[in-house]
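**Student:** What follows is protein-v8.txt, compact mmCIF, N, CA and C atoms.
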```
# COMPACT_ATOMS: atom_id res chain seq x y z
N MET V 1 0.80 -1.20 0.00
CA MET V 1 0.00 0.00 0.00
C MET V 1 0.85 1.26 0.00
N PHE V 2 2.18 1.07 0.17
CA PHE V 2 3.07 2.23 0.16
C PHE V 2 3.75 2.35 -1.20
N PRO V 3 3.96 3.57 -1.68
CA PRO V 3 4.62 3.75 -2.97
C PRO V 3 6.02 3.11 -2.98
N GLN V 4 6.42 2.62 -4.11
CA GLN V 4 7.70 1.92 -4.25
C GLN V 4 8.88 2.77 -3.79
N GLU V 5 8.81 4.07 -3.96
CA GLU V 5 9.92 4.94 -3.57
C GLU V 5 10.22 4.88 -2.07
N TYR V 6 9.28 4.38 -1.29
CA TYR V 6 9.48 4.28 0.16
C TYR V 6 9.81 2.86 0.62
N HIS V 7 9.81 1.90 -0.29
CA HIS V 7 10.14 0.52 0.08
C HIS V 7 11.56 0.44 0.60
N LEU V 8 11.77 -0.33 1.65
CA LEU V 8 13.06 -0.59 2.28
C LEU V 8 13.71 0.66 2.87
N LYS V 9 12.94 1.70 3.11
CA LYS V 9 13.45 2.91 3.76
C LYS V 9 12.88 2.97 5.17
N LYS V 10 13.71 3.42 6.10
CA LYS V 10 13.24 3.60 7.47
C LYS V 10 12.37 4.85 7.53
N MET V 11 11.19 4.67 8.07
CA MET V 11 10.27 5.79 8.18
C MET V 11 9.49 5.66 9.48
N CYS V 12 8.95 6.75 9.90
CA CYS V 12 8.08 6.77 11.07
C CYS V 12 6.64 6.91 10.57
N VAL V 13 5.77 6.10 11.10
CA VAL V 13 4.36 6.19 10.72
C VAL V 13 3.56 6.66 11.93
N VAL V 14 2.79 7.68 11.71
CA VAL V 14 1.90 8.17 12.75
C VAL V 14 0.48 7.90 12.27
N VAL V 15 -0.24 7.11 13.02
CA VAL V 15 -1.62 6.79 12.68
C VAL V 15 -2.52 7.58 13.62
N TRP V 16 -3.29 8.50 13.06
CA TRP V 16 -4.16 9.36 13.85
C TRP V 16 -5.56 8.79 13.86
N CYS V 17 -6.22 8.95 14.96
CA CYS V 17 -7.63 8.59 15.06
C CYS V 17 -8.35 9.77 15.70
N TYR V 18 -9.05 10.51 14.90
CA TYR V 18 -9.81 11.67 15.37
C TYR V 18 -11.28 11.28 15.40
N THR V 19 -11.89 11.40 16.56
CA THR V 19 -13.28 10.98 16.70
C THR V 19 -14.23 12.16 16.93
N GLY V 20 -13.76 13.36 16.66
CA GLY V 20 -14.60 14.54 16.85
C GLY V 20 -15.49 14.81 15.66
N ASP V 21 -16.01 16.00 15.61
CA ASP V 21 -16.89 16.45 14.54
C ASP V 21 -16.14 16.43 13.21
N ALA V 22 -16.64 15.66 12.25
CA ALA V 22 -15.97 15.52 10.95
C ALA V 22 -15.81 16.86 10.25
N ALA V 23 -16.73 17.78 10.45
CA ALA V 23 -16.64 19.09 9.81
C ALA V 23 -15.46 19.90 10.34
N LYS V 24 -14.96 19.56 11.52
CA LYS V 24 -13.83 20.28 12.12
C LYS V 24 -12.49 19.58 11.91
N ALA V 25 -12.51 18.41 11.30
CA ALA V 25 -11.29 17.61 11.16
C ALA V 25 -10.19 18.35 10.39
N GLY V 26 -10.55 19.05 9.34
CA GLY V 26 -9.55 19.79 8.57
C GLY V 26 -8.81 20.81 9.41
N ASP V 27 -9.54 21.51 10.27
CA ASP V 27 -8.91 22.49 11.16
C ASP V 27 -8.05 21.82 12.21
N VAL V 28 -8.49 20.66 12.69
CA VAL V 28 -7.72 19.93 13.70
C VAL V 28 -6.39 19.45 13.12
N PHE V 29 -6.41 18.96 11.90
CA PHE V 29 -5.20 18.41 11.29
C PHE V 29 -4.30 19.47 10.67
N LYS V 30 -4.78 20.67 10.47
CA LYS V 30 -3.99 21.73 9.82
C LYS V 30 -2.64 21.96 10.51
N PRO V 31 -2.58 22.16 11.84
CA PRO V 31 -1.26 22.38 12.47
C PRO V 31 -0.38 21.13 12.45
N ILE V 32 -0.98 19.98 12.44
CA ILE V 32 -0.20 18.73 12.38
C ILE V 32 0.48 18.64 11.03
N ARG V 33 -0.25 18.90 9.97
CA ARG V 33 0.33 18.85 8.62
C ARG V 33 1.32 19.97 8.40
N ALA V 34 1.12 21.12 9.03
CA ALA V 34 2.03 22.25 8.87
C ALA V 34 3.35 22.03 9.59
N PHE V 35 3.36 21.18 10.61
CA PHE V 35 4.58 20.92 11.38
C PHE V 35 5.69 20.39 10.49
N SER V 36 5.35 19.43 9.66
CA SER V 36 6.30 18.86 8.71
C SER V 36 5.49 18.16 7.63
N PRO V 37 5.71 18.46 6.39
CA PRO V 37 4.92 17.81 5.34
C PRO V 37 5.09 16.29 5.39
N PRO V 38 4.00 15.54 5.44
CA PRO V 38 4.11 14.09 5.50
C PRO V 38 4.53 13.50 4.15
N ALA V 39 5.23 12.38 4.19
CA ALA V 39 5.57 11.68 2.95
C ALA V 39 4.30 11.15 2.30
N MET V 40 3.37 10.71 3.11
CA MET V 40 2.07 10.22 2.64
C MET V 40 1.02 10.70 3.64
N ASP V 41 -0.16 10.93 3.15
CA ASP V 41 -1.24 11.39 4.03
C ASP V 41 -2.52 10.68 3.61
N PHE V 42 -2.91 9.70 4.40
CA PHE V 42 -4.13 8.94 4.12
C PHE V 42 -5.26 9.35 5.05
N ALA V 43 -5.11 10.47 5.75
CA ALA V 43 -6.12 10.87 6.72
C ALA V 43 -7.45 11.13 6.03
N GLY V 44 -8.49 10.59 6.60
CA GLY V 44 -9.83 10.78 6.08
C GLY V 44 -10.78 9.86 6.80
N PRO V 45 -12.05 10.00 6.54
CA PRO V 45 -13.04 9.13 7.20
C PRO V 45 -12.79 7.67 6.89
N ILE V 46 -12.84 6.85 7.93
CA ILE V 46 -12.61 5.42 7.77
C ILE V 46 -13.28 4.68 8.94
N PRO V 47 -13.93 3.57 8.68
CA PRO V 47 -14.52 2.80 9.78
C PRO V 47 -13.42 2.27 10.71
N PHE V 48 -13.68 2.30 12.01
CA PHE V 48 -12.66 1.89 12.98
C PHE V 48 -12.14 0.47 12.73
N PRO V 49 -12.98 -0.52 12.41
CA PRO V 49 -12.42 -1.86 12.14
C PRO V 49 -11.42 -1.88 10.98
N ILE V 50 -11.63 -1.04 10.00
CA ILE V 50 -10.68 -0.96 8.88
C ILE V 50 -9.37 -0.34 9.36
N LEU V 51 -9.46 0.71 10.15
CA LEU V 51 -8.26 1.33 10.72
C LEU V 51 -7.44 0.30 11.49
N GLN V 52 -8.11 -0.52 12.27
CA GLN V 52 -7.42 -1.52 13.09
C GLN V 52 -6.75 -2.61 12.27
N SER V 53 -7.15 -2.78 11.04
CA SER V 53 -6.57 -3.86 10.22
C SER V 53 -5.72 -3.35 9.06
N LEU V 54 -5.45 -2.05 9.00
CA LEU V 54 -4.72 -1.48 7.87
C LEU V 54 -3.36 -2.13 7.62
N PHE V 55 -2.66 -2.49 8.67
CA PHE V 55 -1.29 -2.98 8.51
C PHE V 55 -1.17 -4.49 8.65
N ASP V 56 -2.29 -5.19 8.68
CA ASP V 56 -2.26 -6.65 8.85
C ASP V 56 -1.38 -7.34 7.81
N ALA V 57 -1.40 -6.88 6.58
CA ALA V 57 -0.64 -7.54 5.52
C ALA V 57 0.87 -7.41 5.72
N LEU V 58 1.31 -6.48 6.54
CA LEU V 58 2.75 -6.27 6.75
C LEU V 58 3.35 -7.19 7.81
N TYR V 59 2.51 -7.85 8.58
CA TYR V 59 3.00 -8.67 9.69
C TYR V 59 2.66 -10.14 9.47
N PRO V 60 3.59 -11.03 9.84
CA PRO V 60 3.34 -12.46 9.66
C PRO V 60 2.13 -12.92 10.48
N LYS V 61 1.33 -13.78 9.89
CA LYS V 61 0.17 -14.33 10.58
C LYS V 61 0.62 -15.19 11.77
N GLY V 62 -0.17 -15.19 12.82
CA GLY V 62 0.11 -16.01 13.98
C GLY V 62 0.90 -15.31 15.08
N LEU V 63 1.55 -14.21 14.78
CA LEU V 63 2.30 -13.47 15.79
C LEU V 63 1.41 -12.42 16.42
N GLN V 64 1.61 -12.18 17.69
CA GLN V 64 0.85 -11.16 18.38
C GLN V 64 1.62 -9.85 18.35
N TRP V 65 0.98 -8.79 17.96
CA TRP V 65 1.62 -7.49 17.88
C TRP V 65 0.96 -6.56 18.87
N TYR V 66 1.77 -5.82 19.57
CA TYR V 66 1.28 -4.88 20.58
C TYR V 66 1.44 -3.47 20.07
N TRP V 67 0.38 -2.74 20.02
CA TRP V 67 0.42 -1.34 19.60
C TRP V 67 0.18 -0.48 20.82
N LYS V 68 0.97 0.54 20.98
CA LYS V 68 0.83 1.46 22.09
C LYS V 68 0.43 2.82 21.54
N ALA V 69 -0.41 3.51 22.24
CA ALA V 69 -0.88 4.81 21.77
C ALA V 69 -0.77 5.83 22.88
N ASP V 70 -0.76 7.07 22.47
CA ASP V 70 -0.79 8.19 23.39
C ASP V 70 -1.92 9.11 22.96
N PHE V 71 -2.43 9.84 23.90
CA PHE V 71 -3.51 10.77 23.60
C PHE V 71 -3.03 12.18 23.92
N PHE V 72 -3.27 13.10 23.01
CA PHE V 72 -2.82 14.48 23.16
C PHE V 72 -4.01 15.41 23.06
N ARG V 73 -4.02 16.41 23.90
CA ARG V 73 -5.03 17.47 23.79
C ARG V 73 -4.48 18.63 22.98
N GLU V 74 -3.15 18.75 22.90
CA GLU V 74 -2.53 19.80 22.11
C GLU V 74 -1.13 19.35 21.71
N ILE V 75 -0.62 19.96 20.64
CA ILE V 75 0.75 19.71 20.19
C ILE V 75 1.47 21.04 20.29
N THR V 76 2.57 21.04 21.03
CA THR V 76 3.32 22.28 21.21
C THR V 76 4.67 22.17 20.51
N ASP V 77 5.43 23.24 20.53
CA ASP V 77 6.76 23.24 19.94
C ASP V 77 7.78 22.54 20.84
N LYS V 78 7.42 22.28 22.09
CA LYS V 78 8.33 21.62 23.03
C LYS V 78 8.63 20.21 22.56
N ARG V 79 9.89 19.86 22.50
CA ARG V 79 10.31 18.52 22.07
C ARG V 79 10.56 17.66 23.30
N SER V 80 10.19 16.41 23.24
CA SER V 80 10.45 15.51 24.36
C SER V 80 10.76 14.14 23.79
N THR V 81 11.27 13.27 24.66
CA THR V 81 11.55 11.90 24.25
C THR V 81 10.54 10.98 24.89
N CYS V 82 10.26 9.90 24.21
CA CYS V 82 9.33 8.91 24.76
C CYS V 82 10.06 8.01 25.74
N THR V 83 9.38 7.61 26.76
CA THR V 83 9.98 6.68 27.74
C THR V 83 9.19 5.41 27.77
```
Please re-express this file's structure in structure tokens.

**Tutor:**
Amino acid sequence: MFPQEYHLKKMCVVVWCYTGDAAKAGDVFKPIRAFSPPAMDFAGPIPFPILQSLFDALYPKGLQWYWKADFFREITDKRSTCT
């Protein structure tokens, strides 16, 4: 599902899940997109079960994968490291 130009390259993927008013989503994502232009941007309305299975084809069947998430009320210019 990723363009060939990104195959075998190390990249960071941020998967957003916005559950607010769809009419406000563009305004919510505007500062996120302005922070740094994304290599790819698939943000848009999607059923939650589809979101949960987007990357299934990338992982071997039978293995358990643990996904960790964080919740933010705002994004600031302050940089921090994850622990």

**Student:** Step one, run DSSP on the backbone; step two, keep only residues of chain V assigned to alpha helix (DSSP H); then write them as a PyMOL selection string.

**Tutor:** chain V and resi 25-35+48-53

**Student:** If I take atom CA of V:Gln4 and atom CA of V:Ser53, how far is one from the other in Å, to one decimal?

**Tutor:**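 We find that atom CA of V:Gln4 and atom CA of V:Ser53 lie 21.1 Å from each other.
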
**Student:** Please measure the separation of atom CA of V:Asp77 and atom CA of V:Ile46, giving the value in Å to one decimal.

**Tutor:**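 Atom CA of V:Asp77 sits 29.0 Å away from atom CA of V:Ile46.
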
**Student:** Would you compute the box with edges along x, y and z of the file around stretch 13-17 of chain V, including every atom the file lists for it and 6 Å extra on each side, and give its centre and edge lengths in Å to one decimal, as JSON?

**Tutor:**
```
{"center_x": -1.3, "center_y": 7.9, "center_z": 13.2, "size_x": 26.1, "size_y": 15.7, "size_z": 17.0}
```

**Student:** Taking 5 positions as the minimum chain separation for residues in the same chain, which residues sit within 8 Å of stretch 21-29 of chain V when counting all atoms listed in the file? Answer as a short mmCIF file (atom, residue, chain, number, x, y, z; two decimals) with N, CA and C atoms, in the frame of the given file.

**Tutor:**
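Written output follows (out32.cif):
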```cif
data_model
loop_
_atom_site.label_atom_id
_atom_site.label_comp_id
_atom_site.auth_asym_id
_atom_site.auth_seq_id
_atom_site.Cartn_x
_atom_site.Cartn_y
_atom_site.Cartn_z
N ALA V 34 1.12 21.12 9.03
CA ALA V 34 2.03 22.25 8.87
C ALA V 34 3.35 22.03 9.59
N PHE V 35 3.36 21.18 10.61
CA PHE V 35 4.58 20.92 11.38
C PHE V 35 5.69 20.39 10.49
N PRO V 45 -12.05 10.00 6.54
CA PRO V 45 -13.04 9.13 7.20
C PRO V 45 -12.79 7.67 6.89
#
```

**Student:** Find, counting only C-alpha atoms, the residue in V:Leu58, V:Leu8, V:Val13, V:Glu74 that gets nearest to V:Met40.

**Tutor:** V:Val13

**Student:** Check the smallest atom-to-atom distance from each of V:Cys17, V:Thr76, V:Pro3, V:Met11 to V:Pro49 using only C-alpha atoms, then report the winner.

**Tutor:**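 Using only C-alpha atoms, V:Pro49 sits closest to V:Cys17.
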
**Student:** From the options V:Lys61, V:Lys9, V:Arg73, V:Lys30, which residue's atoms come nearest to V:Ala43, counting only C-alpha atoms?

**Tutor:**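 Checking each candidate against V:Ala43, we get V:Lys30 as the closest.
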
**Student:** What does the structure give for the distance between atom N of V:Phe42 and atom C of V:Pro60, in Å to one decimal?

**Tutor:**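 Taking atom N of V:Phe42 and atom C of V:Pro60, their separation equals 24.0 Å.
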